[in-house]
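Participant: For reference, the file target.pdb (PDB, C-alpha atoms) is included below:
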```
ATOM      1  CA  MET A   1     -29.041 -69.000 -15.117
ATOM      2  CA  ASN A   2     -32.668 -67.928 -15.602
ATOM      3  CA  GLU A   3     -34.961 -64.980 -16.072
ATOM      4  CA  ASP A   4     -35.112 -64.374 -12.300
ATOM      5  CA  LYS A   5     -31.653 -63.191 -11.281
ATOM      6  CA  LYS A   6     -32.382 -63.218  -7.559
ATOM      7  CA  ILE A   7     -30.416 -66.000  -5.841
ATOM      8  CA  VAL A   8     -31.379 -68.021  -2.764
ATOM      9  CA  VAL A   9     -28.676 -69.906  -0.877
ATOM     10  CA  ILE A  10     -29.339 -72.460   1.880
ATOM     11  CA  GLY A  11     -26.226 -73.365   3.804
ATOM     12  CA  GLY A  12     -23.965 -73.138   6.795
ATOM     13  CA  SER A  13     -22.548 -70.170   8.674
ATOM     14  CA  ASN A  14     -19.973 -70.370  11.410
ATOM     15  CA  ARG A  15     -17.259 -68.634  13.310
ATOM     16  CA  ASP A  16     -13.881 -69.660  11.861
ATOM     17  CA  TYR A  17     -10.668 -70.051  13.824
ATOM     18  CA  PHE A  18      -7.427 -70.472  11.863
ATOM     19  CA  ALA A  19      -4.095 -71.502  13.346
ATOM     20  CA  LYS A  20      -1.209 -71.159  10.892
ATOM     21  CA  SER A  21       2.204 -72.569  11.734
ATOM     22  CA  SER A  22       5.296 -70.382  11.329
ATOM     23  CA  SER A  23       7.417 -73.424  10.439
ATOM     24  CA  PRO A  24       6.812 -77.006   9.247
ATOM     25  CA  LEU A  25       4.222 -78.614  11.511
ATOM     26  CA  ILE A  26       5.435 -80.996  14.198
ATOM     27  CA  TYR A  27       2.636 -83.365  15.161
ATOM     28  CA  LYS A  28       1.884 -84.116  18.809
ATOM     29  CA  ASP A  29       3.828 -81.025  19.813
ATOM     30  CA  SER A  30       3.214 -77.322  20.449
ATOM     31  CA  ASN A  31       3.834 -75.302  17.279
ATOM     32  CA  VAL A  32       4.609 -71.599  17.047
ATOM     33  CA  GLY A  33       2.309 -69.690  14.745
ATOM     34  CA  HIS A  34      -0.508 -67.186  14.370
ATOM     35  CA  ILE A  35      -4.153 -67.639  15.378
ATOM     36  CA  SER A  36      -6.944 -65.569  13.855
ATOM     37  CA  SER A  37     -10.742 -65.666  13.791
ATOM     38  CA  SER A  38     -13.364 -64.518  11.342
ATOM     39  CA  ASN A  39     -16.851 -65.236  10.089
ATOM     40  CA  GLY A  40     -17.102 -68.217   7.781
ATOM     41  CA  GLY A  41     -19.060 -71.246   6.661
ATOM     42  CA  VAL A  42     -19.447 -72.567   3.135
ATOM     43  CA  GLY A  43     -22.896 -71.063   2.588
ATOM     44  CA  ARG A  44     -21.890 -67.743   4.135
ATOM     45  CA  ASN A  45     -18.708 -67.593   2.023
ATOM     46  CA  ILE A  46     -20.646 -68.264  -1.174
ATOM     47  CA  VAL A  47     -23.236 -65.633  -0.271
ATOM     48  CA  LEU A  48     -20.721 -62.920   0.595
ATOM     49  CA  ASN A  49     -18.738 -63.563  -2.586
ATOM     50  CA  LEU A  50     -21.976 -63.238  -4.555
ATOM     51  CA  ALA A  51     -22.786 -60.005  -2.732
ATOM     52  CA  TYR A  52     -19.365 -58.517  -3.575
ATOM     53  CA  LEU A  53     -20.097 -59.470  -7.183
ATOM     54  CA  ASN A  54     -23.288 -57.381  -6.927
ATOM     55  CA  ASN A  55     -25.827 -60.213  -6.918
ATOM     56  CA  ASP A  56     -29.237 -59.968  -5.224
ATOM     57  CA  VAL A  57     -29.058 -62.725  -2.593
ATOM     58  CA  ASP A  58     -31.403 -64.301  -0.044
ATOM     59  CA  PHE A  59     -29.628 -66.499   2.508
ATOM     60  CA  ILE A  60     -31.355 -69.133   4.625
ATOM     61  CA  THR A  61     -28.982 -70.265   7.380
ATOM     62  CA  ALA A  62     -28.867 -71.438  10.989
ATOM     63  CA  LEU A  63     -27.570 -68.929  13.545
ATOM     64  CA  GLY A  64     -27.634 -69.081  17.316
ATOM     65  CA  ASP A  65     -28.826 -66.292  19.575
ATOM     66  CA  ASP A  66     -25.250 -65.448  20.497
ATOM     67  CA  GLU A  67     -22.520 -62.966  19.686
ATOM     68  CA  GLY A  68     -21.196 -65.054  16.785
ATOM     69  CA  GLY A  69     -24.620 -65.359  15.182
ATOM     70  CA  ARG A  70     -25.382 -61.660  15.569
ATOM     71  CA  ASN A  71     -21.988 -60.753  14.125
ATOM     72  CA  ILE A  72     -22.464 -62.945  11.051
ATOM     73  CA  LYS A  73     -25.964 -61.620  10.400
ATOM     74  CA  SER A  74     -24.897 -57.985  10.848
ATOM     75  CA  GLU A  75     -21.994 -58.401   8.424
ATOM     76  CA  LEU A  76     -24.211 -59.899   5.721
ATOM     77  CA  ILE A  77     -26.921 -57.274   6.135
ATOM     78  CA  GLN A  78     -24.264 -54.574   5.648
ATOM     79  CA  HIS A  79     -23.660 -56.108   2.213
ATOM     80  CA  ASN A  80     -27.380 -56.069   1.325
ATOM     81  CA  VAL A  81     -27.935 -59.792   1.879
ATOM     82  CA  ASN A  82     -31.430 -60.756   3.052
ATOM     83  CA  VAL A  83     -30.643 -63.131   5.954
ATOM     84  CA  ILE A  84     -33.375 -65.553   7.028
ATOM     85  CA  THR A  85     -32.781 -67.642  10.165
ATOM     86  CA  PRO A  86     -35.104 -70.101  11.949
ATOM     87  CA  SER A  87     -34.959 -69.808  15.741
ATOM     88  CA  SER A  88     -32.740 -72.376  17.483
ATOM     89  CA  ILE A  89     -31.621 -73.400  20.965
ATOM     90  CA  TYR A  90     -28.124 -74.245  19.720
ATOM     91  CA  GLN A  91     -25.070 -72.022  19.489
ATOM     92  CA  THR A  92     -23.730 -70.770  16.171
ATOM     93  CA  SER A  93     -21.507 -73.301  14.411
ATOM     94  CA  SER A  94     -17.737 -73.014  14.766
ATOM     95  CA  TYR A  95     -14.843 -74.266  12.643
ATOM     96  CA  LEU A  96     -11.222 -74.727  13.697
ATOM     97  CA  ALA A  97      -8.548 -75.281  11.021
ATOM     98  CA  ILE A  98      -4.836 -75.990  11.415
ATOM     99  CA  LEU A  99      -2.862 -74.591   8.471
ATOM    100  CA  ASN A 100       0.658 -75.545   7.506
ATOM    101  CA  LEU A 101       3.453 -73.164   6.579
ATOM    102  CA  LYS A 102       2.085 -72.817   3.026
ATOM    103  CA  GLY A 103      -1.399 -71.970   4.234
ATOM    104  CA  ASP A 104      -2.887 -75.355   3.289
ATOM    105  CA  MET A 105      -5.328 -76.903   5.734
ATOM    106  CA  GLU A 106      -3.841 -79.961   7.492
ATOM    107  CA  VAL A 107      -6.807 -80.829   9.701
ATOM    108  CA  ALA A 108     -10.027 -79.163  10.817
ATOM    109  CA  ILE A 109     -12.804 -79.718  13.341
ATOM    110  CA  CYS A 110     -16.381 -78.493  12.947
ATOM    111  CA  ASP A 111     -19.034 -77.997  15.617
ATOM    112  CA  THR A 112     -22.255 -77.938  13.610
ATOM    113  CA  GLN A 113     -24.955 -79.004  16.077
ATOM    114  CA  ILE A 114     -27.222 -76.174  14.968
ATOM    115  CA  LEU A 115     -27.172 -77.397  11.344
ATOM    116  CA  ASP A 116     -27.302 -81.048  12.346
ATOM    117  CA  ASN A 117     -30.601 -80.361  14.115
ATOM    118  CA  LEU A 118     -32.153 -78.088  11.488
ATOM    119  CA  CYS A 119     -35.246 -79.736   9.992
ATOM    120  CA  PHE A 120     -37.615 -78.905   7.171
ATOM    121  CA  CYS A 121     -40.456 -78.177   9.620
ATOM    122  CA  GLN A 122     -38.471 -75.172  10.873
ATOM    123  CA  LEU A 123     -38.556 -73.705   7.369
ATOM    124  CA  ASP A 124     -42.366 -73.520   7.179
ATOM    125  CA  SER A 125     -42.357 -69.741   7.499
ATOM    126  CA  LEU A 126     -39.672 -69.518   4.815
ATOM    127  CA  LEU A 127     -41.485 -71.447   2.112
ATOM    128  CA  GLY A 128     -42.466 -68.241   0.333
ATOM    129  CA  THR A 129     -38.786 -67.492  -0.260
ATOM    130  CA  LEU A 130     -38.170 -70.946  -1.696
ATOM    131  CA  ASN A 131     -41.279 -70.863  -3.860
ATOM    132  CA  ASP A 132     -40.240 -67.503  -5.282
ATOM    133  CA  HIS A 133     -36.875 -68.785  -6.562
ATOM    134  CA  LYS A 134     -36.567 -71.735  -8.889
ATOM    135  CA  HIS A 135     -32.769 -71.780  -8.588
ATOM    136  CA  VAL A 136     -31.496 -72.886  -5.188
ATOM    137  CA  ILE A 137     -27.875 -73.126  -4.069
ATOM    138  CA  ILE A 138     -27.106 -75.524  -1.208
ATOM    139  CA  ASP A 139     -24.018 -76.897   0.486
ATOM    140  CA  THR A 140     -23.851 -80.389   1.950
ATOM    141  CA  ASN A 141     -23.270 -79.115   5.475
ATOM    142  CA  LEU A 142     -27.064 -79.343   5.624
ATOM    143  CA  ASN A 143     -28.110 -82.558   7.350
ATOM    144  CA  GLN A 144     -29.326 -85.591   5.416
ATOM    145  CA  GLY A 145     -32.982 -85.207   6.370
ATOM    146  CA  LEU A 146     -33.159 -81.587   5.287
ATOM    147  CA  ILE A 147     -31.385 -82.289   1.999
ATOM    148  CA  ASP A 148     -33.778 -85.173   1.266
ATOM    149  CA  ASP A 149     -36.820 -83.014   2.045
ATOM    150  CA  LEU A 150     -35.615 -80.124  -0.130
ATOM    151  CA  PHE A 151     -35.184 -82.372  -3.147
ATOM    152  CA  LEU A 152     -38.507 -84.098  -2.454
ATOM    153  CA  LYS A 153     -40.556 -80.948  -1.946
ATOM    154  CA  TYR A 154     -39.027 -78.899  -4.774
ATOM    155  CA  LYS A 155     -38.707 -81.246  -7.724
ATOM    156  CA  ASP A 156     -39.327 -78.390 -10.155
ATOM    157  CA  HIS A 157     -36.361 -76.362  -8.814
ATOM    158  CA  TYR A 158     -32.813 -76.191 -10.134
ATOM    159  CA  PHE A 159     -30.314 -77.202  -7.452
ATOM    160  CA  TYR A 160     -26.701 -76.015  -7.441
ATOM    161  CA  VAL A 161     -24.652 -78.053  -4.961
ATOM    162  CA  GLU A 162     -21.264 -77.541  -3.300
ATOM    163  CA  GLY A 163     -19.794 -80.904  -2.269
ATOM    164  CA  VAL A 164     -17.918 -79.620   0.856
ATOM    165  CA  SER A 165     -16.169 -82.857   1.900
ATOM    166  CA  CYS A 166     -15.735 -86.544   1.044
ATOM    167  CA  THR A 167     -18.101 -87.500   3.862
ATOM    168  CA  LYS A 168     -20.783 -84.862   3.432
ATOM    169  CA  ILE A 169     -21.058 -85.194  -0.350
ATOM    170  CA  GLN A 170     -22.576 -88.638   0.274
ATOM    171  CA  ARG A 171     -25.751 -86.833   1.365
ATOM    172  CA  ILE A 172     -26.648 -86.095  -2.278
ATOM    173  CA  LYS A 173     -26.009 -89.648  -3.522
ATOM    174  CA  ASN A 174     -29.720 -90.372  -4.017
ATOM    175  CA  HIS A 175     -30.447 -87.043  -5.726
ATOM    176  CA  LEU A 176     -27.940 -86.843  -8.574
ATOM    177  CA  LYS A 177     -30.604 -86.799 -11.283
ATOM    178  CA  ASP A 178     -32.145 -83.708  -9.648
ATOM    179  CA  ILE A 179     -28.921 -81.668  -9.509
ATOM    180  CA  TYR A 180     -28.432 -78.965 -12.122
ATOM    181  CA  LEU A 181     -24.838 -78.104 -11.166
ATOM    182  CA  LEU A 182     -22.478 -80.036  -8.902
ATOM    183  CA  LYS A 183     -19.181 -78.455  -7.917
ATOM    184  CA  CYS A 184     -16.711 -80.542  -5.926
ATOM    185  CA  ASN A 185     -13.047 -81.485  -5.848
ATOM    186  CA  TYR A 186     -11.556 -84.670  -7.265
ATOM    187  CA  LEU A 187     -11.379 -86.469  -3.911
ATOM    188  CA  GLU A 188     -15.042 -85.680  -3.250
ATOM    189  CA  ALA A 189     -16.035 -86.907  -6.721
ATOM    190  CA  THR A 190     -14.124 -90.144  -6.148
ATOM    191  CA  SER A 191     -15.819 -90.601  -2.780
ATOM    192  CA  LEU A 192     -19.280 -89.922  -4.205
ATOM    193  CA  LEU A 193     -18.786 -92.473  -6.995
ATOM    194  CA  ASN A 194     -16.987 -94.932  -4.689
ATOM    195  CA  GLU A 195     -14.434 -95.678  -7.387
ATOM    196  CA  HIS A 196     -11.150 -94.112  -8.434
ATOM    197  CA  LEU A 197     -11.554 -93.048 -12.050
ATOM    198  CA  PRO A 198      -9.549 -90.482 -14.025
ATOM    199  CA  ILE A 199     -11.044 -87.067 -13.447
ATOM    200  CA  GLU A 200     -12.571 -86.884 -16.952
ATOM    201  CA  GLU A 201     -14.218 -90.283 -16.494
ATOM    202  CA  SER A 202     -15.520 -89.260 -13.066
ATOM    203  CA  ILE A 203     -17.302 -86.308 -14.654
ATOM    204  CA  LYS A 204     -18.758 -88.462 -17.434
ATOM    205  CA  LYS A 205     -20.004 -90.936 -14.834
ATOM    206  CA  LEU A 206     -21.696 -88.182 -12.829
ATOM    207  CA  LEU A 207     -23.307 -86.855 -16.004
ATOM    208  CA  SER A 208     -24.526 -90.358 -16.872
ATOM    209  CA  LEU A 209     -26.121 -90.565 -13.415
ATOM    210  CA  GLY A 210     -28.201 -87.483 -14.178
ATOM    211  CA  VAL A 211     -26.252 -84.438 -13.009
ATOM    212  CA  LYS A 212     -26.698 -81.750 -15.664
ATOM    213  CA  LYS A 213     -23.435 -79.812 -15.155
ATOM    214  CA  VAL A 214     -20.324 -80.848 -13.219
ATOM    215  CA  VAL A 215     -17.256 -78.861 -12.170
ATOM    216  CA  VAL A 216     -14.343 -80.681 -10.500
ATOM    217  CA  SER A 217     -11.311 -78.888  -9.091
ATOM    218  CA  ASN A 218      -8.069 -80.671  -8.238
ATOM    219  CA  SER A 219      -5.909 -78.581  -5.911
ATOM    220  CA  SER A 220      -3.617 -76.382  -8.055
ATOM    221  CA  ASN A 221      -4.166 -78.499 -11.177
ATOM    222  CA  ASN A 222      -6.528 -77.933 -14.087
ATOM    223  CA  ILE A 223     -10.237 -77.454 -13.414
ATOM    224  CA  TYR A 224     -12.414 -79.906 -15.335
ATOM    225  CA  PHE A 225     -16.061 -79.444 -16.178
ATOM    226  CA  GLY A 226     -18.706 -81.187 -18.229
ATOM    227  CA  GLU A 227     -22.237 -81.116 -19.582
ATOM    228  CA  ASP A 228     -24.112 -83.033 -22.286
ATOM    229  CA  ASN A 229     -21.575 -85.867 -21.905
ATOM    230  CA  LYS A 230     -18.744 -83.559 -23.014
ATOM    231  CA  VAL A 231     -15.773 -82.801 -20.770
ATOM    232  CA  ASP A 232     -13.347 -79.893 -21.034
ATOM    233  CA  CYS A 233     -10.836 -78.193 -18.771
ATOM    234  CA  ILE A 234      -9.087 -74.901 -18.169
ATOM    235  CA  SER A 235      -5.496 -74.535 -17.026
ATOM    236  CA  ILE A 236      -5.006 -72.385 -13.960
ATOM    237  CA  GLU A 237      -2.270 -69.997 -13.056
ATOM    238  CA  LYS A 238       0.343 -71.325 -10.660
ATOM    239  CA  LYS A 239       0.738 -68.883  -7.785
ATOM    240  CA  ASP A 240       3.850 -68.641  -5.643
ATOM    241  CA  ASP A 241       2.368 -66.044  -3.310
ATOM    242  CA  VAL A 242      -0.516 -68.062  -1.845
ATOM    243  CA  VAL A 243      -1.418 -66.705   1.590
ATOM    244  CA  SER A 244      -4.197 -69.205   2.358
ATOM    245  CA  THR A 245      -6.299 -71.695   0.393
ATOM    246  CA  SER A 246      -9.248 -71.361   2.794
ATOM    247  CA  GLY A 247     -12.341 -70.148   0.950
ATOM    248  CA  ALA A 248     -10.896 -70.593  -2.544
ATOM    249  CA  GLY A 249     -13.282 -73.412  -3.425
ATOM    250  CA  ASP A 250     -16.279 -71.401  -2.219
ATOM    251  CA  ALA A 251     -15.052 -68.433  -4.269
ATOM    252  CA  LEU A 252     -14.778 -70.620  -7.372
ATOM    253  CA  PHE A 253     -18.352 -71.838  -6.912
ATOM    254  CA  ALA A 254     -19.695 -68.319  -6.311
ATOM    255  CA  GLY A 255     -17.933 -67.021  -9.413
ATOM    256  CA  ILE A 256     -19.433 -69.813 -11.504
ATOM    257  CA  ILE A 257     -22.922 -69.076 -10.170
ATOM    258  CA  HIS A 258     -22.518 -65.344 -10.799
ATOM    259  CA  SER A 259     -21.437 -65.936 -14.373
ATOM    260  CA  LEU A 260     -24.193 -68.470 -15.119
ATOM    261  CA  ASN A 261     -26.636 -65.977 -13.635
ATOM    262  CA  ASN A 262     -25.447 -63.548 -16.301
ATOM    263  CA  ASN A 263     -26.148 -66.025 -19.096
ATOM    264  CA  LYS A 264     -22.545 -67.096 -19.703
ATOM    265  CA  SER A 265     -21.589 -70.587 -20.877
ATOM    266  CA  LEU A 266     -20.287 -73.181 -18.420
ATOM    267  CA  LYS A 267     -16.731 -72.710 -19.724
ATOM    268  CA  GLU A 268     -16.931 -68.920 -19.420
ATOM    269  CA  SER A 269     -18.335 -69.357 -15.928
ATOM    270  CA  VAL A 270     -15.512 -71.673 -14.819
ATOM    271  CA  ILE A 271     -12.944 -69.212 -16.190
ATOM    272  CA  PHE A 272     -14.561 -66.385 -14.245
ATOM    273  CA  GLY A 273     -14.888 -68.507 -11.112
ATOM    274  CA  ASN A 274     -11.195 -69.285 -11.299
ATOM    275  CA  LYS A 275     -10.407 -65.559 -11.364
ATOM    276  CA  VAL A 276     -12.419 -65.117  -8.172
ATOM    277  CA  ALA A 277     -10.628 -68.057  -6.549
ATOM    278  CA  LEU A 278      -7.161 -66.772  -7.502
ATOM    279  CA  LEU A 279      -7.837 -63.440  -5.823
ATOM    280  CA  THR A 280      -9.036 -65.263  -2.711
ATOM    281  CA  LEU A 281      -5.692 -67.078  -2.465
ATOM    282  CA  GLU A 282      -4.000 -63.703  -1.958
ATOM    283  CA  VAL A 283      -5.558 -62.971   1.446
ATOM    284  CA  GLU A 284      -5.579 -64.655   4.834
ATOM    285  CA  GLU A 285      -9.342 -64.280   5.131
ATOM    286  CA  ASN A 286     -11.789 -66.573   3.339
ATOM    287  CA  ILE A 287     -13.187 -63.649   1.296
ATOM    288  CA  ASN A 288     -11.300 -61.062  -0.748
ATOM    289  CA  PRO A 289     -13.404 -57.880  -1.178
ATOM    290  CA  SER A 290     -11.271 -56.903  -4.182
ATOM    291  CA  ILE A 291     -13.138 -59.495  -6.292
ATOM    292  CA  ALA A 292     -15.616 -56.657  -6.881
ATOM    293  CA  LYS A 293     -13.176 -55.204  -9.400
ATOM    294  CA  LEU A 294     -13.787 -58.234 -11.655
ATOM    295  CA  ILE A 295     -17.196 -56.891 -12.639
ATOM    296  CA  LYS A 296     -16.166 -53.284 -13.233
TER     297      LYS A 296
END
```
Please express what this file holds, its structure, as C-alpha cells.

Facilitator:
Amino acid sequence: MNEDKKIVVIGGSNRDYFAKSSSPLIYKDSNVGHISSSNGGVGRNIVLNLAYLNNDVDFITALGDDEGGRNIKSELIQHNVNVITPSSIYQTSSYLAILNLKGDMEVAICDTQILDNLCFCQLDSLLGTLNDHKHVIIDTNLNQGLIDDLFLKYKDHYFYVEGVSCTKIQRIKNHLKDIYLLKCNYLEATSLLNEHLPIEESIKKLLSLGVKKVVVSNSSNNIYFGEDNKVDCISIEKKDDVVSTSGAGDALFAGIIHSLNNNKSLKESVIFGNKVALLTLEVEENINPSIAKLIK
C-alpha cells in the first residue's frame, strides 16, 4: 500500500440484529427461526477483520452515548484498535436483517441517524489523524456531505471505498477519479454506472472514469478485478456449508487492504481477501476470529 502501514478507517458502526428462518420464508406471516444480536457495521467489520490480521488501525466512527456504543468501542479497544468518536446526541446505529434458510439476507432495515447527521465540522479535532495517514478507507454509509468534504479537503490522499449498497454507492459518483480502490458487487457497479454491462466491461468503464483499481464480487461467482485498463478474475470455491453470508463482503475488502498494505499485487490481494471471506461464511457472526491463522 505505502511506506506507512498504519491504516485509518472512517465508517459506520452499529448494533446488528439477525433473524434467520428455520424453513423457507413465508412473507406477510410469522416465521419460526432464531434471532441473535452482535456488534456490526461495515466500517467496524472492516476494522475488526484488519485487527485480527494484525494491522495497526485507527477507526473514526459515530457512536452514541449508550450501551451499544460503549460495547462496540470496548470490543475494538480490546483488539488494539484506536477508536475515535465525535460526540453526538443520537443513539448508536442499528441494523436488522432477515435471513432465509440458507443464511442469505432477504431484506434489512438500517437506523443510521447518527451517521446521517455526522458532518465534517465535527471532525475538526480529528484532523491530525487524517493528516498523518495518506491512505484512507471509507464506506458509503457516510452521508453525502461528509463524503464530498473528505474528497475535497484531502485531494492528496488515497481513498479505498466499499460500495455498501446500490443506493449508497451513488454518493461517490462525482469522485471516481479520486478513488484509488473501489470494491463493490456487480449490482452496485451496475447502479453506479446506470447501465447494465457485462462485469468485465463495467470494470473497464469504472477504470476509464478514473478509478485506479476496481474489485467486483458477484455472489458466489468469480471475483473480477482490474487496473491499468486490464481485467482479470479468480474463481472461488463453492461452499455447501455456508452458515451466513453477512460480513463476507467486508471480510473480502479487509483482506484485500491487508494484502495491499503488505506490498502484494492486486491479484494476490484479491486471492487473499477471498480466503478471509470464505472463512467468514463458516460462522453465524459477521467476523470469524480464525482468520488470524491466515497470517501465521

Participant: Using all atoms listed in the file, find all polymer residues with an atom at most 9 Å away from the point (1.5, -75.6, 6.7); report them as a list of chain:residue names.

Facilitator: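 The answer, in the requested form, is A:Lys20, A:Ser21, A:Ser22, A:Ser23, A:Pro24, A:Leu25, A:Ile98, A:Leu99, A:Asn100, A:Leu101, A:Lys102, A:Gly103, A:Asp104, A:Met105, A:Glu106.
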
Participant: With a distance cut-off of 12 Å and only C-alpha atoms, select the neighbouring residues of Ser93 (chain A), excluding the residue or stretch itself and same-chain residues fewer than 4 positions from it, and output the selection as number ranges by chain.

Facilitator: A: 11-17, 39-42, 44, 61-69, 72, 88, 109-117, 141

Participant: In terms of the shortest atom-to-atom distance over only C-alpha atoms, which of A:Asn174, A:Asn218, A:Thr92, A:Asn31 is closest to Thr190 (chain A)?

Facilitator: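 Smallest separation from Thr190 (chain A) among the options: A:Asn218.
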
Participant: Find the residues near Asp149 (chain A): any atom within 12 Å, counting all atoms listed in the file, skip ones fewer than 6 places away on the same chain, and give them as a list in words.

Facilitator: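 The residues satisfying every condition are Leu118, Cys119, Phe120, Cys121, Gln122, Leu123, Leu142, Asn143, Lys155, Arg171, Ile172, Asn174 and His175 of chain A.
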
Participant: Could you dump the residues just selected with C-alpha atoms as a tab-separated table (two decimals), keeping the file's coordinate frame?

Facilitator:
```
chain	number	residue	atom	x	y	z
A	118	LEU	CA	-32.15	-78.09	11.49
A	119	CYS	CA	-35.25	-79.74	9.99
A	120	PHE	CA	-37.62	-78.90	7.17
A	121	CYS	CA	-40.46	-78.18	9.62
A	122	GLN	CA	-38.47	-75.17	10.87
A	123	LEU	CA	-38.56	-73.70	7.37
A	142	LEU	CA	-27.06	-79.34	5.62
A	143	ASN	CA	-28.11	-82.56	7.35
A	155	LYS	CA	-38.71	-81.25	-7.72
A	171	ARG	CA	-25.75	-86.83	1.36
A	172	ILE	CA	-26.65	-86.10	-2.28
A	174	ASN	CA	-29.72	-90.37	-4.02
A	175	HIS	CA	-30.45	-87.04	-5.73
```

Participant: Return as a PyMOL selection string the set of residues that the PyMOL selection byres ((chain A and resi 293) around 12) yields on the displayed structure.

Facilitator: chain A and resi 52-54+275-276+279+288-292+294-296

Participant: Please provide the set of residues having any atom within 10 Å of Val231 (chain A), restricted to only C-alpha atoms, with same-chain residues fewer than 6 positions apart removed, written as a PyMOL selection string.

Facilitator: chain A and resi 199-201+203-204+207+213-215+224-225

Participant: Write the selection just made, keeping C-alpha atoms, as a short mmCIF file (atom, residue, chain, number, x, y, z; two decimals), keeping the file's coordinate frame?

Facilitator:
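out-v8.cif written:
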```cif
data_model
loop_
_atom_site.label_atom_id
_atom_site.label_comp_id
_atom_site.auth_asym_id
_atom_site.auth_seq_id
_atom_site.Cartn_x
_atom_site.Cartn_y
_atom_site.Cartn_z
CA ILE A 199 -11.04 -87.07 -13.45
CA GLU A 200 -12.57 -86.88 -16.95
CA GLU A 201 -14.22 -90.28 -16.49
CA ILE A 203 -17.30 -86.31 -14.65
CA LYS A 204 -18.76 -88.46 -17.43
CA LEU A 207 -23.31 -86.86 -16.00
CA LYS A 213 -23.44 -79.81 -15.16
CA VAL A 214 -20.32 -80.85 -13.22
CA VAL A 215 -17.26 -78.86 -12.17
CA TYR A 224 -12.41 -79.91 -15.34
CA PHE A 225 -16.06 -79.44 -16.18
#
```

Participant: Rebuild region 38-55 of chain A to N, CA and C atoms - output it as a CSV table (one decimal), keeping the file's coordinate frame, please.

Facilitator:
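To be explicit, this is the file written out as selection.csv:
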```csv
chain,number,residue,atom,x,y,z
A,38,SER,N,-12.5,-65.3,12.3
A,38,SER,CA,-13.4,-64.5,11.3
A,38,SER,C,-14.7,-65.2,11.1
A,39,ASN,N,-15.6,-64.6,10.5
A,39,ASN,CA,-16.9,-65.2,10.1
A,39,ASN,C,-16.6,-66.2,8.9
A,40,GLY,N,-17.3,-67.3,8.9
A,40,GLY,CA,-17.1,-68.2,7.8
A,40,GLY,C,-18.3,-69.1,7.6
A,41,GLY,N,-18.0,-70.3,7.0
A,41,GLY,CA,-19.1,-71.2,6.7
A,41,GLY,C,-19.2,-71.3,5.2
A,42,VAL,N,-19.4,-72.4,4.6
A,42,VAL,CA,-19.4,-72.6,3.1
A,42,VAL,C,-20.6,-71.7,2.5
A,43,GLY,N,-21.8,-71.9,3.1
A,43,GLY,CA,-22.9,-71.1,2.6
A,43,GLY,C,-22.6,-69.6,2.7
A,44,ARG,N,-22.2,-69.2,3.9
A,44,ARG,CA,-21.9,-67.7,4.1
A,44,ARG,C,-20.8,-67.2,3.2
A,45,ASN,N,-19.8,-68.0,2.9
A,45,ASN,CA,-18.7,-67.6,2.0
A,45,ASN,C,-19.2,-67.4,0.6
A,46,ILE,N,-20.1,-68.4,0.2
A,46,ILE,CA,-20.6,-68.3,-1.2
A,46,ILE,C,-21.5,-67.0,-1.3
A,47,VAL,N,-22.3,-66.8,-0.3
A,47,VAL,CA,-23.2,-65.6,-0.3
A,47,VAL,C,-22.5,-64.3,-0.3
A,48,LEU,N,-21.4,-64.2,0.5
A,48,LEU,CA,-20.7,-62.9,0.6
A,48,LEU,C,-19.9,-62.7,-0.7
A,49,ASN,N,-19.4,-63.7,-1.3
A,49,ASN,CA,-18.7,-63.6,-2.6
A,49,ASN,C,-19.7,-63.1,-3.6
A,50,LEU,N,-20.9,-63.7,-3.6
A,50,LEU,CA,-22.0,-63.2,-4.6
A,50,LEU,C,-22.4,-61.8,-4.3
A,51,ALA,N,-22.4,-61.4,-3.1
A,51,ALA,CA,-22.8,-60.0,-2.7
A,51,ALA,C,-21.7,-59.0,-3.2
A,52,TYR,N,-20.4,-59.4,-3.1
A,52,TYR,CA,-19.4,-58.5,-3.6
A,52,TYR,C,-19.4,-58.4,-5.1
A,53,LEU,N,-20.0,-59.5,-5.7
A,53,LEU,CA,-20.1,-59.5,-7.2
A,53,LEU,C,-21.4,-58.8,-7.6
A,54,ASN,N,-22.1,-58.2,-6.7
A,54,ASN,CA,-23.3,-57.4,-6.9
A,54,ASN,C,-24.5,-58.2,-7.3
A,55,ASN,N,-24.6,-59.4,-6.7
A,55,ASN,CA,-25.8,-60.2,-6.9
A,55,ASN,C,-26.9,-59.9,-5.8
```
